[in-house]
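One file, data-v8.txt, carrying compact mmCIF, C-alpha atoms:
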# COMPACT_ATOMS: atom_id res chain seq x y z
CA MET P 29 -65.51 20.63 11.25
CA GLU P 30 -62.94 21.94 13.66
CA ILE P 31 -59.29 20.94 13.22
CA ASN P 32 -59.48 18.56 16.21
CA ASP P 33 -62.72 17.06 14.88
CA THR P 34 -61.12 16.55 11.47
CA ALA P 35 -58.03 14.89 12.97
CA GLN P 36 -60.26 12.59 15.04
CA PHE P 37 -62.37 11.75 11.98
CA ILE P 38 -59.26 10.84 9.93
CA LYS P 39 -57.88 8.77 12.83
CA GLU P 40 -61.15 6.81 13.07
CA ARG P 41 -61.12 6.09 9.33
CA GLU P 42 -57.49 4.92 9.53
CA GLU P 43 -58.44 2.57 12.36
CA ARG P 44 -61.21 1.11 10.17
CA LEU P 45 -58.81 0.60 7.27
CA GLY P 46 -56.07 -0.72 9.52
CA SER P 47 -53.48 1.64 8.03
CA ARG P 48 -52.73 5.27 7.22
CA ILE P 49 -54.88 7.15 4.69
CA ARG P 50 -52.65 7.94 1.73
CA TYR P 51 -55.14 9.80 -0.45
CA ARG P 52 -58.39 11.61 0.28
CA THR P 53 -60.71 14.01 -1.48
CA TYR P 54 -64.22 15.37 -1.27
CA CYS P 55 -66.47 14.70 -4.24
CA THR P 56 -69.29 17.15 -4.85
CA TRP P 57 -71.53 14.68 -6.74
CA TYR P 58 -71.72 10.90 -6.68
CA ALA P 59 -73.76 8.06 -8.20
CA ARG P 60 -73.53 4.27 -8.33
CA ILE P 61 -75.60 2.74 -11.12
CA GLY P 62 -78.41 0.62 -9.75
CA HIS P 63 -77.98 1.95 -6.23
CA GLU P 64 -77.74 5.50 -4.88
CA LYS P 65 -76.93 9.05 -5.87
CA ARG P 66 -75.77 11.93 -3.67
CA GLU P 67 -76.20 15.50 -4.86
CA TYR P 68 -74.15 16.99 -2.03
CA GLY P 69 -71.11 14.76 -2.22
CA VAL P 70 -69.09 12.13 -0.46
CA PHE P 71 -65.71 11.78 1.22
CA LEU P 72 -63.45 9.41 -0.80
CA TYR P 73 -60.28 7.96 0.71
CA THR P 74 -57.80 5.08 0.44
CA ASP P 75 -54.84 3.49 2.15
CA GLY P 76 -53.59 2.30 -1.25
CA ARG P 77 -55.24 -1.13 -0.95
CA THR P 78 -58.87 -0.33 -0.07
CA MET P 79 -60.91 2.50 -1.56
CA ALA P 80 -63.72 3.75 0.69
CA TYR P 81 -66.31 6.48 0.52
CA GLU P 82 -69.09 7.78 2.73
CA ASP P 83 -71.56 10.60 3.00
CA PHE P 84 -72.86 12.71 5.86
CA ASP P 85 -76.31 13.81 6.96
CA ARG P 86 -76.54 17.38 5.77
CA GLU P 87 -79.39 19.83 6.07
CA PRO P 88 -80.04 21.91 2.93
CA GLN P 89 -79.04 25.56 3.23
CA ILE P 90 -79.31 28.81 1.33
CA LEU P 91 -76.48 31.25 2.07
CA GLY P 92 -75.64 29.29 5.22
CA ILE P 93 -79.19 29.42 6.59
CA PRO P 94 -80.78 25.98 7.20
CA ILE P 95 -83.98 25.29 5.29
CA LYS P 96 -86.68 23.34 7.12
CA ARG P 97 -88.43 20.71 5.04
CA ARG P 98 -91.84 19.26 5.80
CA ASN P 99 -91.43 15.93 4.04
CA LYS P 100 -87.83 15.18 4.90
CA GLU P 101 -86.63 11.81 3.65
CA LYS P 102 -85.11 9.52 6.25
CA TYR P 103 -81.33 9.73 6.04
CA GLU P 104 -79.43 6.48 5.55
CA LYS P 105 -75.65 6.58 6.01
CA LEU P 106 -73.71 5.56 2.91
CA GLU P 107 -70.46 3.66 3.52
CA VAL P 108 -68.96 1.61 0.71
CA SER P 109 -65.52 0.12 0.13
CA PHE P 110 -63.81 -2.01 -2.51
CA PRO P 111 -60.26 -3.16 -3.27
CA VAL P 112 -58.16 -0.79 -5.39
CA SER P 113 -57.13 -3.90 -7.34
CA SER P 114 -60.74 -4.31 -8.52
CA ILE P 115 -60.65 -1.06 -10.51
CA ALA P 116 -60.89 -2.12 -14.16
CA SER P 117 -60.88 1.36 -15.72
CA ILE P 118 -61.13 5.07 -14.99
CA ASP P 119 -62.20 7.72 -17.47
CA ARG P 120 -64.19 10.96 -17.77
CA THR P 121 -67.75 11.52 -18.91
CA SER P 122 -70.12 14.46 -18.77
CA LEU P 123 -72.26 14.93 -15.68
CA LYS P 124 -75.30 14.93 -17.98
CA ASP P 125 -74.36 11.49 -19.41
CA ALA P 126 -73.68 10.17 -15.89
CA GLU P 127 -77.13 11.31 -14.71
CA LYS P 128 -78.78 9.69 -17.75
CA ALA P 129 -76.90 6.42 -17.09
CA PHE P 130 -77.98 6.49 -13.45
CA ASP P 131 -81.62 7.04 -14.43
CA ALA P 132 -81.42 4.26 -17.07
CA ARG P 133 -79.88 1.91 -14.45
CA ARG P 134 -77.14 0.88 -16.92
CA ASP P 135 -73.94 2.46 -18.17
CA THR P 136 -74.96 4.43 -21.26
CA ALA P 137 -72.43 7.23 -20.65
CA LYS P 138 -69.91 7.99 -23.37
CA SER P 139 -66.30 8.88 -22.64
CA ALA P 140 -65.85 12.64 -22.79
CA GLY P 141 -64.65 13.88 -26.15
CA LEU P 142 -62.97 17.19 -26.87
CA PHE P 143 -66.25 19.14 -26.93
CA SER P 144 -67.36 17.73 -23.56
CA ARG P 145 -63.93 18.36 -22.04
CA LEU P 146 -64.10 22.01 -23.10
CA PHE P 147 -67.73 22.90 -22.51
CA ARG P 148 -69.38 20.47 -20.07
CA LYS P 149 -69.08 19.65 -16.41
CA LEU P 150 -67.17 16.36 -16.18
CA VAL P 151 -67.21 13.51 -13.69
CA THR P 152 -64.86 10.59 -13.16
CA ARG P 153 -66.27 7.17 -14.08
CA ILE P 154 -64.79 4.18 -12.27
CA MET P 155 -65.61 0.70 -13.55
CA LEU P 156 -64.93 -2.26 -11.28
CA ASP P 157 -64.16 -5.84 -12.31
CA ASP P 158 -67.62 -6.98 -11.14
CA GLY P 159 -69.39 -4.53 -13.49
CA THR P 160 -70.12 -1.87 -10.86
CA VAL P 161 -70.03 1.66 -12.31
CA LEU P 162 -69.37 4.65 -10.04
CA PHE P 163 -69.37 8.34 -10.89
CA PHE P 164 -67.60 11.00 -8.80
CA GLU P 165 -67.31 14.73 -9.41
CA MET P 166 -63.76 15.19 -8.11
CA MET P 167 -61.64 18.23 -7.39
CA ASP P 168 -58.62 16.88 -9.33
CA HIS P 169 -59.20 13.95 -11.70
CA LYS P 170 -55.59 13.85 -12.93
CA ASP P 171 -54.16 13.57 -9.42
CA PHE P 172 -56.67 10.82 -8.56
CA LEU P 173 -55.76 8.87 -11.69
CA LYS P 174 -52.03 9.23 -11.01
CA ARG P 175 -52.40 8.05 -7.41
CA ILE P 176 -54.54 5.02 -8.33
CA GLU P 177 -51.97 3.99 -10.94
CA GLU P 178 -49.23 4.24 -8.26
CA PHE P 179 -51.28 2.19 -5.78
CA LYS P 180 -52.02 -0.52 -8.39
CA GLU P 181 -48.29 -0.80 -9.21
CA GLU P 182 -47.56 -1.40 -5.52
CA LEU P 183 -50.03 -4.31 -5.29
Output the file's structure in the form of structure tokens.
Amino acid sequence: MEINDTAQFIKEREERLGSRIRYRTYCTWYARIGHEKREYGVFLYTDGRTMAYEDFDREPQILGIPIKRRNKEKYEKLEVSFPVSSIASIDRTSLKDAEKAFDARRDTAKSAGLFSRLFRKLVTRIMLDDGTVLFFEMMDHKDFLKRIEEFKEEL
């Protein structure tokens, strides 16, 4: 995306939310138990009251060269939002446990212990009040956690 395209994209998302985006990040892997999984990531953002995320149609590439696929699945845009106040808990789990939980269609993932934190790829698990379980592979889990705590204090 060009700088102008990015600014326009952010402006459009702020118009949808009805206020300024206060936190945003790109997540390289995502899954919602019982629903969908995205191997190539989603854009996650919030105005402090509403958390939203969405994906983008993306052609697979190798070294920047598009790969043509014969049996391409039909792309369906993913756009989901929920109130920040509905976040019941946030913790870390291994990507492997998150994938197993997604496949099992129930949250079987264990919180990451010391071994997992040192030697495994970790994802952030977000549990909502309604039982929804989301997994995001984030750039900076600690910053996300800090910001969500700040936003929940403001509510």
So what do you get for CA of Leu106 in chain P versus CA of His63 in chain P, distance-wise?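 The value is 10.7 Å.
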For Arg175 in chain P, which residue out of P:Ala129, P:Val112, P:Val151, P:Ala80 is the nearest one, using all atoms listed in the file?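 Closest to Arg175 in chain P of all the choices is P:Val112.
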Mind giving me the straight-line distance from CA of Glu40 in chain P to CA of Tyr103 in chain P in Å, one decimal?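 Rounded to one decimal, the two atoms are 21.6 Å apart.
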Using all atoms listed in the file, pick whichever of P:Ala116, P:Ala140, P:Leu173, P:Met167 has the shortest atom-to-atom distance to Val70 in chain P.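 Smallest separation from Val70 in chain P among the options: P:Met167.
For Met155 in chain P, the set of protein, DNA and RNA residues having any atom at most 10 Å away, when counting all atoms listed in the file and skipping those fewer than 2 positions along the same chain, is Ser114, Ile115, Ala116, Ser117, Ile118, Asp119, Asp135, Thr152, Arg153, Asp157, Asp158, Gly159, Thr160, Val161, Leu162 and Phe163 of chain P.
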Could you check how far CA of Tyr73 in chain P sits from CA of Glu181 in chain P, in Å to one decimal?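 These atoms are spaced 17.9 Å apart.
Nearest to Glu165 in chain P of all the residues P:Ile61, P:Ala137, P:Val108, P:Leu123 is P:Leu123, counting all atoms listed in the file.
Proximity ranking of P:Ile93, P:Ile49, P:Ala132, P:Ala126 relative to Arg77 in chain P places P:Ile49 first, based on all atoms listed in the file.
Summary of the local environment: counting all atoms listed in the file, residues at most 12 Å from Leu150 in chain P, other than itself and those fewer than 5 positions away along its chain, are Thr56, Trp57, Tyr58, Asp119, Arg120, Thr121, Ser122, Leu123, Lys124, Asp125, Ala126, Glu127, Ala137, Lys138, Ser139, Ala140, Gly141, Leu142, Phe143, Ser144, Arg145, Phe163, Phe164, Glu165, Met166, Met167, Asp168 and His169 of chain P.
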Which residues come within 12 Å of Arg86 in chain P, counting only C-alpha atoms, excluding same-chain residues fewer than 5 positions away, as a list in words? Arg66, Glu67, Tyr68, Gly69, Val70, Gly92, Pro94, Ile95, Lys96, Lys100, Glu101, Lys102, Tyr103, Glu104 and Lys105 of chain P
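With distances restricted to all atoms listed in the file, P:Asp131 is the closest residue to Arg60 in chain P from P:Glu182, P:Asp85, P:Asp171, P:Asp131.
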